[in-house]
$ cat structure.txt   # compact mmCIF, C-alpha atoms
# COMPACT_ATOMS: atom_id res chain seq x y z
CA MET A 116 41.16 17.99 -5.92
CA LYS A 117 38.97 16.30 -8.50
CA ILE A 118 35.37 15.57 -7.53
CA LEU A 119 33.08 13.19 -9.38
CA HIS A 120 29.35 13.92 -9.54
CA THR A 121 26.88 11.14 -10.28
CA SER A 122 23.31 10.29 -9.32
CA ASP A 123 20.30 8.03 -9.80
CA TRP A 124 21.99 4.66 -9.66
CA HIS A 125 18.76 2.92 -8.63
CA LEU A 126 20.54 -0.12 -7.27
CA GLY A 127 18.17 -3.08 -7.10
CA GLN A 128 16.04 -1.97 -10.06
CA HIS A 129 14.14 -4.53 -12.11
CA PHE A 130 13.48 -3.41 -15.67
CA MET A 131 10.50 -5.17 -17.25
CA GLY A 132 11.34 -8.26 -15.23
CA LYS A 133 15.08 -8.02 -15.86
CA SER A 134 17.60 -7.46 -13.07
CA ARG A 135 20.12 -4.64 -13.56
CA ARG A 136 22.59 -6.26 -11.15
CA GLY A 137 25.15 -7.13 -13.82
CA GLU A 138 25.04 -3.62 -15.30
CA HIS A 139 25.48 -1.98 -11.92
CA GLU A 140 28.40 -4.25 -11.05
CA ALA A 141 30.04 -3.43 -14.40
CA PHE A 142 29.43 0.30 -13.91
CA ILE A 143 30.94 0.33 -10.41
CA ALA A 144 33.98 -1.62 -11.64
CA TRP A 145 34.43 0.92 -14.46
CA LEU A 146 33.95 3.80 -12.00
CA LEU A 147 36.61 2.51 -9.62
CA VAL A 148 39.11 2.32 -12.49
CA LEU A 149 38.26 5.90 -13.52
CA ILE A 150 38.67 7.13 -9.94
CA LYS A 151 42.09 5.51 -9.69
CA GLN A 152 43.26 6.70 -13.12
CA GLU A 153 42.21 10.31 -12.59
CA SER A 154 43.03 10.50 -8.87
CA ILE A 155 39.48 11.47 -7.95
CA GLY A 156 39.43 12.69 -4.34
CA ALA A 157 35.69 12.61 -3.70
CA VAL A 158 32.45 11.27 -5.17
CA ILE A 159 29.06 12.94 -4.76
CA ILE A 160 25.96 10.79 -5.37
CA ALA A 161 23.04 13.20 -5.67
CA GLY A 162 20.19 10.94 -4.61
CA ASP A 163 18.38 7.73 -5.55
CA ILE A 164 21.25 5.40 -4.94
CA PHE A 165 18.58 2.72 -4.42
CA ASP A 166 15.50 2.06 -6.51
CA THR A 167 13.18 1.36 -3.58
CA GLY A 168 13.04 1.98 0.15
CA ALA A 169 13.53 -1.75 0.74
CA PRO A 170 16.22 -2.78 -1.77
CA PRO A 171 17.26 -6.43 -2.21
CA SER A 172 20.16 -7.67 -0.12
CA TYR A 173 22.56 -7.78 -3.09
CA ALA A 174 21.96 -4.04 -3.67
CA ARG A 175 22.85 -3.26 -0.04
CA GLU A 176 25.98 -5.41 -0.37
CA MET A 177 27.02 -3.44 -3.47
CA TYR A 178 26.44 -0.19 -1.55
CA HIS A 179 28.61 -1.24 1.39
CA GLN A 180 31.29 -2.72 -0.87
CA LEU A 181 31.43 0.58 -2.74
CA VAL A 182 32.18 2.38 0.53
CA LEU A 183 35.02 -0.06 1.27
CA ASP A 184 36.44 0.19 -2.25
CA LEU A 185 36.44 4.00 -2.16
CA LYS A 186 38.09 3.96 1.25
CA ALA A 187 40.85 1.77 -0.19
CA LEU A 188 41.35 4.41 -2.90
CA ASP A 189 41.40 7.26 -0.34
CA CYS A 190 38.32 8.68 -2.05
CA GLN A 191 35.68 10.41 0.08
CA LEU A 192 31.99 9.76 -0.56
CA VAL A 193 29.01 12.08 -0.07
CA ILE A 194 25.53 10.60 -0.47
CA VAL A 195 22.31 12.58 -0.26
CA GLY A 196 18.93 10.88 -0.14
CA GLY A 197 16.57 10.93 -3.11
CA ASN A 198 12.82 10.43 -3.38
CA HIS A 199 13.34 6.68 -3.96
CA ASP A 200 15.61 6.28 -0.95
CA SER A 201 14.40 5.32 2.52
CA VAL A 202 15.49 7.83 5.19
CA SER A 203 15.57 5.16 7.90
CA MET A 204 17.51 2.69 5.74
CA LEU A 205 20.19 5.25 4.82
CA ASN A 206 20.43 6.38 8.44
CA GLU A 207 20.86 2.88 9.89
CA SER A 208 24.49 2.65 8.75
CA LYS A 209 25.26 6.38 8.59
CA SER A 210 27.33 6.55 11.79
CA LEU A 211 29.39 3.49 10.90
CA LEU A 212 30.07 4.68 7.36
CA SER A 213 31.31 8.04 8.64
CA TYR A 214 34.39 6.24 9.98
CA LEU A 215 35.10 5.08 6.42
CA GLY A 216 35.09 8.54 4.86
CA THR A 217 31.45 8.41 3.77
CA HIS A 218 28.96 11.18 4.62
CA VAL A 219 25.26 10.34 4.34
CA LEU A 220 22.52 13.00 4.45
CA ALA A 221 19.13 11.30 4.26
CA GLN A 222 16.85 14.24 5.11
CA ALA A 223 16.95 17.94 5.91
CA GLN A 224 17.89 18.90 9.47
CA LEU A 225 16.71 22.45 10.19
CA ASP A 226 18.05 22.30 13.73
CA ASP A 227 21.45 20.96 12.67
CA LEU A 228 22.71 22.95 9.69
CA GLU A 229 26.29 21.93 10.57
CA SER A 230 25.50 18.39 9.41
CA HIS A 231 24.79 19.73 5.92
CA VAL A 232 28.18 21.42 5.45
CA ILE A 233 30.82 18.81 4.67
CA PRO A 234 34.52 19.58 4.14
CA LEU A 235 36.29 17.61 1.43
CA LEU A 236 39.87 17.11 2.53
CA SER A 237 43.14 16.59 0.69
CA ALA A 238 45.67 13.90 1.58
CA THR A 239 47.27 16.46 3.91
CA GLN A 240 43.89 17.14 5.59
CA GLU A 241 43.49 20.58 4.03
CA VAL A 242 39.99 21.68 2.98
CA CYS A 243 39.67 21.59 -0.82
CA ALA A 244 35.92 22.24 -1.07
CA TRP A 245 32.78 22.60 1.01
CA VAL A 246 29.73 20.54 0.11
CA CYS A 247 26.33 21.94 1.04
CA ALA A 248 24.75 18.50 1.15
CA VAL A 249 21.00 18.97 0.63
CA PRO A 250 18.92 15.81 0.01
CA TYR A 251 15.44 15.46 -1.44
CA LEU A 252 13.35 17.99 0.48
CA ARG A 253 10.00 16.87 1.80
CA PRO A 254 7.63 19.75 2.65
CA ARG A 255 7.40 18.65 6.29
CA ASP A 256 11.19 18.92 6.54
CA VAL A 257 11.31 22.63 5.74
CA MET A 258 7.94 24.21 6.58
CA GLN A 259 4.61 24.03 8.35
CA SER A 260 1.34 24.78 6.60
CA ALA A 261 -0.86 27.58 7.88
CA GLN A 262 -4.63 27.52 7.88
CA GLY A 263 -6.46 29.46 5.22
CA GLN A 264 -3.63 29.45 2.70
CA SER A 265 -4.56 29.26 -0.96
CA GLU A 266 -2.82 26.84 -3.29
CA GLN A 267 -0.74 29.66 -4.71
CA ASP A 268 0.18 30.90 -1.23
CA LYS A 269 1.34 27.39 -0.29
CA LYS A 270 3.52 27.20 -3.39
CA LEU A 271 5.12 30.57 -2.73
CA ALA A 272 5.64 29.77 0.95
CA LEU A 273 7.24 26.42 0.15
CA MET A 274 9.50 27.92 -2.50
CA THR A 275 10.55 30.61 -0.04
CA GLN A 276 11.31 28.05 2.67
CA ILE A 277 13.34 25.91 0.29
CA GLY A 278 15.28 28.98 -0.81
CA ASN A 279 15.82 30.01 2.81
CA PHE A 280 17.07 26.54 3.74
CA TYR A 281 19.55 26.50 0.85
CA GLN A 282 20.67 30.02 1.69
CA SER A 283 21.18 29.18 5.39
CA VAL A 284 23.36 26.20 4.57
CA TYR A 285 25.26 28.24 1.98
CA GLU A 286 25.87 31.12 4.40
CA LEU A 287 27.26 28.68 6.96
CA ALA A 288 29.63 27.28 4.33
CA LYS A 289 30.66 30.85 3.37
CA ALA A 290 31.46 31.61 7.00
CA LYS A 291 33.61 28.49 7.24
CA ASN A 292 35.25 29.40 3.95
CA ALA A 293 36.11 32.90 5.18
CA ALA A 294 38.05 31.36 8.06
CA LEU A 295 40.43 29.61 5.64
CA MET A 296 43.63 31.24 4.48
CA SER A 297 42.58 30.63 0.88
CA PRO A 298 38.87 30.25 -0.04
CA VAL A 299 37.80 27.04 -1.78
CA PRO A 300 34.77 26.22 -3.96
CA ILE A 301 31.36 25.74 -2.36
CA ILE A 302 29.39 22.93 -4.00
CA GLY A 303 25.66 22.41 -3.54
CA THR A 304 23.54 19.33 -4.06
CA GLY A 305 19.86 18.77 -4.75
CA HIS A 306 17.44 16.05 -5.72
CA LEU A 307 14.51 17.70 -7.46
CA THR A 308 13.17 18.98 -10.76
CA ALA A 309 14.64 22.32 -11.75
CA MET A 310 13.13 24.44 -14.52
CA GLY A 311 14.58 23.67 -17.91
CA GLY A 312 15.41 20.02 -17.21
CA GLN A 313 14.25 17.37 -19.70
CA VAL A 314 12.76 14.29 -18.08
CA SER A 315 12.47 10.75 -19.42
CA GLU A 316 9.92 7.95 -19.17
CA SER A 317 11.61 6.42 -16.11
CA VAL A 318 11.47 9.65 -14.07
CA ARG A 319 8.49 9.84 -11.77
CA ASP A 320 6.72 13.17 -11.53
CA LEU A 321 8.41 14.70 -8.54
CA TYR A 322 6.56 17.33 -6.58
CA VAL A 323 8.00 19.06 -3.55
CA GLY A 324 4.65 19.71 -1.92
CA THR A 325 2.70 21.28 -4.79
CA LEU A 326 5.79 22.51 -6.65
CA GLU A 327 6.44 20.69 -9.91
CA ALA A 328 9.71 22.46 -10.68
CA LEU A 329 11.91 25.02 -9.01
CA PRO A 330 13.48 28.03 -10.74
CA THR A 331 17.26 28.25 -10.59
CA SER A 332 16.88 31.56 -8.75
CA VAL A 333 16.03 29.52 -5.62
CA PHE A 334 19.63 28.33 -5.37
CA PRO A 335 22.49 30.38 -3.93
CA ARG A 336 25.55 31.22 -6.03
CA PHE A 337 27.21 27.84 -5.67
CA ASP A 338 30.45 27.30 -7.55
CA TYR A 339 28.85 24.06 -8.71
CA LEU A 340 25.41 22.50 -8.10
CA ALA A 341 25.28 18.68 -8.30
CA LEU A 342 21.71 17.73 -9.14
CA GLY A 343 19.92 14.40 -9.22
CA HIS A 344 16.47 13.04 -10.16
CA ILE A 345 16.42 13.69 -13.92
CA HIS A 346 18.05 10.80 -15.74
CA ARG A 347 19.23 12.68 -18.82
CA ALA A 348 22.58 14.41 -18.36
CA GLN A 349 22.16 18.14 -18.89
CA ALA A 350 23.17 21.58 -17.67
CA ILE A 351 20.48 23.99 -16.49
CA SER A 352 22.67 27.09 -16.28
CA LYS A 353 24.53 28.90 -19.04
CA ASP A 354 27.95 28.30 -17.56
CA GLY A 355 27.29 24.59 -17.06
CA LYS A 356 27.86 24.78 -13.31
CA PHE A 357 24.31 23.81 -12.33
CA ARG A 358 23.99 20.34 -13.76
CA TYR A 359 22.24 16.98 -13.75
CA SER A 360 24.76 14.16 -14.12
CA GLY A 361 22.03 11.80 -15.29
CA SER A 362 21.75 8.12 -14.45
CA PRO A 363 24.76 5.91 -15.29
CA ILE A 364 22.64 3.31 -17.12
CA PRO A 365 19.47 3.75 -19.24
CA LEU A 366 16.48 3.27 -16.95
CA SER A 367 13.95 3.41 -19.79
CA PHE A 368 14.01 2.90 -23.54
CA ASP A 369 13.46 6.60 -24.25
CA GLU A 370 16.83 7.36 -22.63
CA LEU A 371 18.62 5.60 -25.49
CA GLY A 372 20.41 7.73 -28.06
CA ARG A 373 22.05 10.02 -25.51
CA ASP A 374 25.35 9.41 -23.79
CA LYS A 375 25.32 8.39 -20.14
CA THR A 376 27.89 10.38 -18.21
CA VAL A 377 29.49 11.24 -14.91
CA VAL A 378 30.84 14.73 -14.23
CA VAL A 379 34.40 15.43 -13.10
CA ILE A 380 34.99 18.79 -11.39
CA ASP A 381 38.47 20.19 -10.79
CA THR A 382 38.36 22.47 -7.74
CA LEU A 383 41.58 24.25 -8.75
CA LEU A 384 39.99 25.39 -12.01
CA LEU A 385 36.42 25.81 -10.79
CA LEU A 386 36.88 29.30 -9.35
CA GLU A 387 38.32 30.53 -12.64
CA ASN A 388 34.79 30.66 -14.04
CA GLU A 389 35.61 28.42 -16.97
CA SER A 390 33.36 25.84 -18.54
CA VAL A 391 33.21 23.87 -21.76
CA GLU A 392 29.83 25.40 -22.51
CA GLN A 393 31.15 28.97 -22.34
CA ARG A 394 33.59 28.44 -25.19
CA PRO A 395 32.20 29.43 -28.60
CA GLU A 396 34.13 26.70 -30.40
CA LEU A 397 35.69 23.38 -29.50
CA ASP A 398 39.12 22.70 -30.95
CA LEU A 399 39.50 18.94 -31.29
CA PHE A 400 43.24 19.31 -30.76
CA ASP A 401 42.95 21.64 -27.75
CA THR A 402 44.19 19.86 -24.64
CA LYS A 403 43.41 22.74 -22.28
CA ALA A 404 42.01 21.44 -19.00
CA GLU A 405 38.46 22.44 -18.11
CA ALA A 406 36.95 22.90 -14.67
CA ILE A 407 33.94 20.72 -15.56
CA GLU A 408 34.27 17.73 -17.84
CA LEU A 409 31.98 14.85 -18.75
CA ARG A 410 33.12 11.25 -18.83
CA LYS A 411 31.07 8.94 -21.03
CA VAL A 412 29.87 5.77 -19.30
CA PRO A 413 30.15 2.66 -21.52
CA SER A 414 27.03 0.70 -22.41
CA PHE A 415 26.92 -2.50 -20.38
CA GLN A 416 23.65 -3.89 -21.78
CA PRO A 417 22.60 -3.64 -25.46
CA MET A 418 19.14 -2.05 -25.71
CA LEU A 419 17.18 -0.89 -28.74
CA SER A 420 13.79 0.65 -29.51
CA LEU A 421 12.34 0.24 -33.03
CA LYS A 422 9.27 1.82 -34.57
CA GLY A 423 7.47 1.30 -37.89
CA ASN A 424 5.03 -0.89 -39.76
CA LEU A 425 5.35 -4.62 -39.31
CA LYS A 426 7.08 -5.25 -42.66
CA ALA A 427 9.68 -2.56 -42.02
CA LEU A 428 10.25 -3.81 -38.47
CA LEU A 429 10.86 -7.39 -39.61
CA THR A 430 13.41 -6.10 -42.12
CA LYS A 431 15.16 -3.97 -39.49
CA ILE A 432 15.34 -6.89 -37.07
CA SER A 433 16.83 -9.18 -39.70
CA GLU A 434 19.57 -6.60 -40.39
CA LEU A 435 20.53 -5.88 -36.77
CA PRO A 436 24.26 -6.17 -36.03
CA LEU A 437 24.27 -8.56 -33.07
CA SER A 438 26.95 -9.56 -30.57
CA ASP A 439 27.29 -12.32 -28.03
CA LYS A 440 25.39 -10.14 -25.53
CA THR A 441 21.63 -10.46 -25.49
CA LEU A 442 19.84 -7.42 -26.92
CA TRP A 443 16.82 -6.05 -25.04
CA LEU A 444 14.32 -4.92 -27.67
CA GLU A 445 11.27 -2.65 -27.55
CA VAL A 446 9.03 -2.51 -30.64
CA THR A 447 6.27 -0.07 -31.59
CA VAL A 448 4.16 -1.37 -34.47
CA ILE A 449 2.33 1.28 -36.46
CA ALA A 450 -0.68 -0.32 -38.16
CA ASP A 451 -4.07 0.99 -39.23
CA GLU A 452 -5.59 -2.46 -39.36
CA TYR A 453 -5.81 -4.93 -36.50
CA LEU A 454 -3.10 -7.60 -36.68
CA SER A 455 -3.68 -10.48 -34.32
CA ASP A 456 -0.39 -12.25 -34.92
CA ILE A 457 2.01 -9.30 -34.38
CA HIS A 458 3.66 -10.77 -31.30
CA LYS A 459 4.06 -14.24 -32.85
CA ARG A 460 5.61 -12.86 -36.04
CA LEU A 461 8.06 -10.77 -34.03
CA LEU A 462 9.01 -13.74 -31.87
CA ASP A 463 9.55 -15.83 -35.03
CA ALA A 464 11.83 -13.07 -36.36
CA ILE A 465 14.12 -13.20 -33.31
CA LYS A 466 14.08 -16.98 -32.92
CA ASP A 467 17.56 -18.46 -32.38
CA SER A 468 19.10 -14.96 -32.10
CA PRO A 469 20.47 -13.19 -28.99
CA ILE A 470 17.43 -10.90 -28.74
CA GLU A 471 14.83 -10.64 -25.99
CA LEU A 472 11.60 -8.89 -26.87
CA LEU A 473 10.76 -6.97 -23.70
CA ARG A 474 7.88 -4.82 -24.89
CA VAL A 475 5.59 -4.63 -27.91
CA MET A 476 3.39 -1.58 -28.38
CA ARG A 477 0.88 -0.90 -31.11
CA LYS A 478 -0.04 2.47 -32.53
CA SER A 479 -3.46 2.45 -34.16
CA ALA A 480 -5.20 4.83 -36.52
CA VAL A 481 -7.10 6.27 -33.54
CA GLU A 482 -3.83 7.12 -31.83
CA LYS A 483 -2.59 8.70 -35.04
CA LYS A 484 -5.69 10.89 -35.09
CA ASN A 485 -4.97 11.84 -31.50
CA GLU A 486 -1.45 12.81 -32.51
CA ILE A 487 -2.86 15.00 -35.28
CA PHE A 488 -5.22 16.57 -32.75
CA GLU A 489 -2.31 17.16 -30.38
CA SER A 490 -0.36 18.84 -33.14
CA ARG A 491 -3.29 21.20 -33.75
CA LYS A 492 -3.40 22.45 -30.17
CA THR A 493 -3.21 26.21 -29.93
CA LEU A 494 -0.08 27.77 -28.55
CA SER A 495 -2.02 28.90 -25.49
CA GLU A 496 -2.51 25.24 -24.51
CA LEU A 497 1.20 24.46 -24.67
CA THR A 498 4.16 25.59 -22.64
CA VAL A 499 7.12 27.21 -24.39
CA SER A 500 9.12 24.03 -23.76
CA ASP A 501 6.31 21.92 -25.29
CA VAL A 502 6.37 23.97 -28.49
CA PHE A 503 10.14 23.72 -28.78
CA GLU A 504 10.13 19.95 -28.11
CA LYS A 505 7.38 19.30 -30.67
CA ASN A 506 9.24 21.27 -33.33
CA LEU A 507 12.43 19.39 -32.54
CA GLN A 508 10.71 16.00 -32.78
CA SER A 509 9.03 16.89 -36.06
CA ASN A 510 12.36 17.54 -37.80
CA ASP A 511 13.83 14.18 -38.81
CA GLU A 512 17.00 15.80 -40.18
CA ILE A 513 18.24 16.87 -36.75
CA GLU A 514 20.67 14.36 -35.27
CA THR A 515 20.65 13.40 -31.59
CA GLU A 516 23.78 15.41 -30.76
CA GLU A 517 22.43 18.45 -32.62
CA ALA A 518 19.15 18.13 -30.73
CA LYS A 519 21.04 18.12 -27.43
CA ILE A 520 22.97 21.28 -28.34
CA LEU A 521 19.81 23.05 -29.50
CA THR A 522 17.95 22.02 -26.34
CA ASP A 523 20.76 23.32 -24.12
CA LEU A 524 20.76 26.65 -25.98
CA PHE A 525 16.98 26.88 -25.74
CA ASN A 526 17.03 26.17 -21.99
CA HIS A 527 19.62 28.90 -21.46
CA CYS A 528 17.48 31.40 -23.39
CA LEU A 529 14.39 30.34 -21.45
CA GLU A 530 16.24 30.78 -18.16
CA ASP A 531 17.30 34.31 -19.15
CA MET A 532 13.75 35.20 -20.12
CA GLU A 533 12.29 33.82 -16.89
CA ALA A 534 14.83 35.83 -14.87
CA TYR A 535 13.95 38.95 -16.85
CA GLN A 536 10.22 38.43 -16.27
CA ARG A 537 10.75 37.86 -12.53
CA ASN A 538 12.90 40.93 -12.09
CA GLY A 539 10.90 43.14 -14.41
CA GLU A 540 13.93 45.20 -15.29
CA GLY A 541 16.94 45.23 -17.55
CA GLU A 542 17.16 43.22 -20.75
CA PRO A 543 17.50 39.49 -21.38
CA SER A 544 21.08 38.60 -22.20
$ encode --input "structure.txt" --output "structure tokens"
Amino acid sequence: MKILHTSDWHLGQHFMGKSRRGEHEAFIAWLLVLIKQESIGAVIIAGDIFDTGAPPSYAREMYHQLVLDLKALDCQLVIVGGNHDSVSMLNESKSLLSYLGTHVLAQAQLDDLESHVIPLLSATQEVCAWVCAVPYLRPRDVMQSAQGQSEQDKKLALMTQIGNFYQSVYELAKAKNAALMSPVPIIGTGHLTAMGGQVSESVRDLYVGTLEALPTSVFPRFDYLALGHIHRAQAISKDGKFRYSGSPIPLSFDELGRDKTVVVIDTLLLLENESVEQRPELDLFDTKAEAIELRKVPSFQPMLSLKGNLKALLTKISELPLSDKTLWLEVTVIADEYLSDIHKRLLDAIKDSPIELLRVMRKSAVEKKNEIFESRKTLSELTVSDVFEKNLQSNDEIETEEAKILTDLFNHCLEDMEAYQRNGEGEPS
């Protein structure tokens, strides 16, 4: 069976006053074609299918139509709630959708672990994979606070309870797996910030209680972990099996420049411990199938962010290759002196062209001084990730794809070092 992992659709989102309805409709249409072409047997949406707890009616219609369309394609659907999703709203149609091959897990159920272990079935009703469906975890869902606990004690207790919850669900799936004649992959889900993940402007700071990010050691040894919340597609484990799919459309301007993707997992290959990221080289002519593969999502709405002094910006705008689709533009003007007519001159530059100026920002000399001050911070004031990111940003010769590869390698090294420091033994690999 092939399983598709996606997350963070944010149906119903308005972006600087602009509706994303057309983009979401185009994405779903593209997704349905992909599912049919590749015979995808199940889709996992790892949280934040809606942008708010009270989405507009058209967003709910798209949600329910998706369920019907996947049913028509004999494709199962697993949805776990995210921090943007309303538990009560997801639950209101949960029972009905279960008859259409859709499983919805809106919140953790400590007294009903069975509900978190979902079998994905083949056309002949054989189990092809188990999904440990864990939604966004609210502290009240997994633990109770004790009086007199320090902040650090609360963090450790919460991390322990989250780990225990994941482990309990995983052990139940393992027991079910042992009863099969031939074991199948066990896939986990999560909607949270895991250590090593790079966030974007559109991602809200997500704290589970007082925890900002969770180490990967919290999770059991899933054959694949489908994560949501961070909008940039990325792996957080060396073998690529713990992964954020990222959002299917850019939800902020700083997400531009990186491909939007969905992840396709082949359960037949998954247990062979193969991954694109484990291979030292990629042969462009190698057609060998991989257990985990990314599918690039097309761009459905032209967006662009430009930065520079006003003269350079006006030149760049005049040279933009435009299409019949309206371009959403963000501009950052770098100017030491105060220019009162910046907005008017920019609007004049895009007059009679298919460009909408959504945001204009100005960087002054004071902000430049602040940047210089930031760059002079001592290493003790920065995290290891901060230092790496600043060095990456300061090198203009590094292309976007190279930056992604370097970031992935850095995250893997950081994960090894953190594991070494926690265990206090052995050597980092």
$ residues_around --input "structure.txt" --residues "range 307-309 of chain A" --least-positions-apart "2" --cutoff "6 Å" --atoms "only C-alpha atoms" --output "list in words"
Gly312, Ala328, Leu329, Pro330 and His344 of chain A
$ write_last_selection --input "structure.txt" --atoms "C-alpha atoms" --output "CSV table (one decimal), in the coordinates of the input"
chain,number,residue,atom,x,y,z
A,312,GLY,CA,15.4,20.0,-17.2
A,328,ALA,CA,9.7,22.5,-10.7
A,329,LEU,CA,11.9,25.0,-9.0
A,330,PRO,CA,13.5,28.0,-10.7
A,344,HIS,CA,16.5,13.0,-10.2
$ closest_residue --input "structure.txt" --among "A:Glu530, A:Asp374, A:Asp227, A:Glu286" --to "Trp245 in chain A" --atoms "all atoms listed in the file"
A:Glu286
$ atom_distance --input "structure.txt" --atom1 "CA of Lys422 in chain A" --atom2 "CA of Phe525 in chain A"
27.7 Å
$ residues_around --input "structure.txt" --residues "range 179-189 of chain A" --least-positions-apart "3" --cutoff "7 Å" --atoms "all atoms listed in the file" --output "list in words"
Lys151, Arg175, Glu176, Leu215, Gly216 and Thr217 of chain A
$ write_last_selection --input "structure.txt" --atoms "C-alpha atoms" --output "PDB file, in the frame of the given file"
ATOM      1  CA  LYS A 151      42.090   5.510  -9.690  1.00  0.00           C
ATOM      2  CA  ARG A 175      22.850  -3.260  -0.040  1.00  0.00           C
ATOM      3  CA  GLU A 176      25.980  -5.410  -0.370  1.00  0.00           C
ATOM      4  CA  LEU A 215      35.100   5.080   6.420  1.00  0.00           C
ATOM      5  CA  GLY A 216      35.090   8.540   4.860  1.00  0.00           C
ATOM      6  CA  THR A 217      31.450   8.410   3.770  1.00  0.00           C
TER       7      THR A 217
END
$ closest_residue --input "structure.txt" --among "A:Leu473, A:Met177, A:Ile432, A:Ile233" --to "Leu192 in chain A" --atoms "only C-alpha atoms"
A:Ile233
$ residues_around --input "structure.txt" --residues "Ile160 in chain A" --least-positions-apart "2" --cutoff "7 Å" --atoms "all atoms listed in the file" --output "PDB file with C-alpha atoms, in the frame of the given file"
ATOM      1  CA  HIS A 120      29.350  13.920  -9.540  1.00  0.00           C
ATOM      2  CA  THR A 121      26.880  11.140 -10.280  1.00  0.00           C
ATOM      3  CA  SER A 122      23.310  10.290  -9.320  1.00  0.00           C
ATOM      4  CA  VAL A 158      32.450  11.270  -5.170  1.00  0.00           C
ATOM      5  CA  GLY A 162      20.190  10.940  -4.610  1.00  0.00           C
ATOM      6  CA  VAL A 193      29.010  12.080  -0.070  1.00  0.00           C
ATOM      7  CA  ILE A 194      25.530  10.600  -0.470  1.00  0.00           C
ATOM      8  CA  VAL A 195      22.310  12.580  -0.260  1.00  0.00           C
TER       9      VAL A 195
END
$ closest_residue --input "structure.txt" --among "A:Leu425, A:Leu419, A:Ala290, A:Leu273" --to "Glu370 in chain A" --atoms "only C-alpha atoms"
A:Leu419
$ residues_around --input "structure.txt" --residues "Lys133 in chain A" --least-positions-apart "4" --cutoff "10 Å" --atoms "only C-alpha atoms" --output "PyMOL selection string"
chain A and resi 128-129+443+473
$ residues_around --input "structure.txt" --residues "Asp439 in chain A" --least-positions-apart "4" --cutoff "12 Å" --atoms "only C-alpha atoms" --output "list in words"
Gln416, Pro417, Ser468, Pro469 and Ile470 of chain A
$ closest_residue --input "structure.txt" --among "A:Leu384, A:Val242, A:Val202, A:Leu444" --to "Met296 in chain A" --atoms "only C-alpha atoms"
A:Val242
$ atom_distance --input "structure.txt" --atom1 "CA of His458 in chain A" --atom2 "CA of Leu429 in chain A"
11.5 Å
$ closest_residue --input "structure.txt" --among "A:Asp166, A:Asp456, A:Asp451, A:Glu445" --to "Arg474 in chain A" --atoms "only C-alpha atoms"
A:Glu445
$ atom_distance --input "structure.txt" --atom1 "CA of Lys478 in chain A" --atom2 "CA of Ile345 in chain A"
27.3 Å
$ closest_residue --input "structure.txt" --among "A:Leu529, A:Met258, A:Met131, A:Ile465" --to "Thr331 in chain A" --atoms "all atoms listed in the file"
A:Leu529
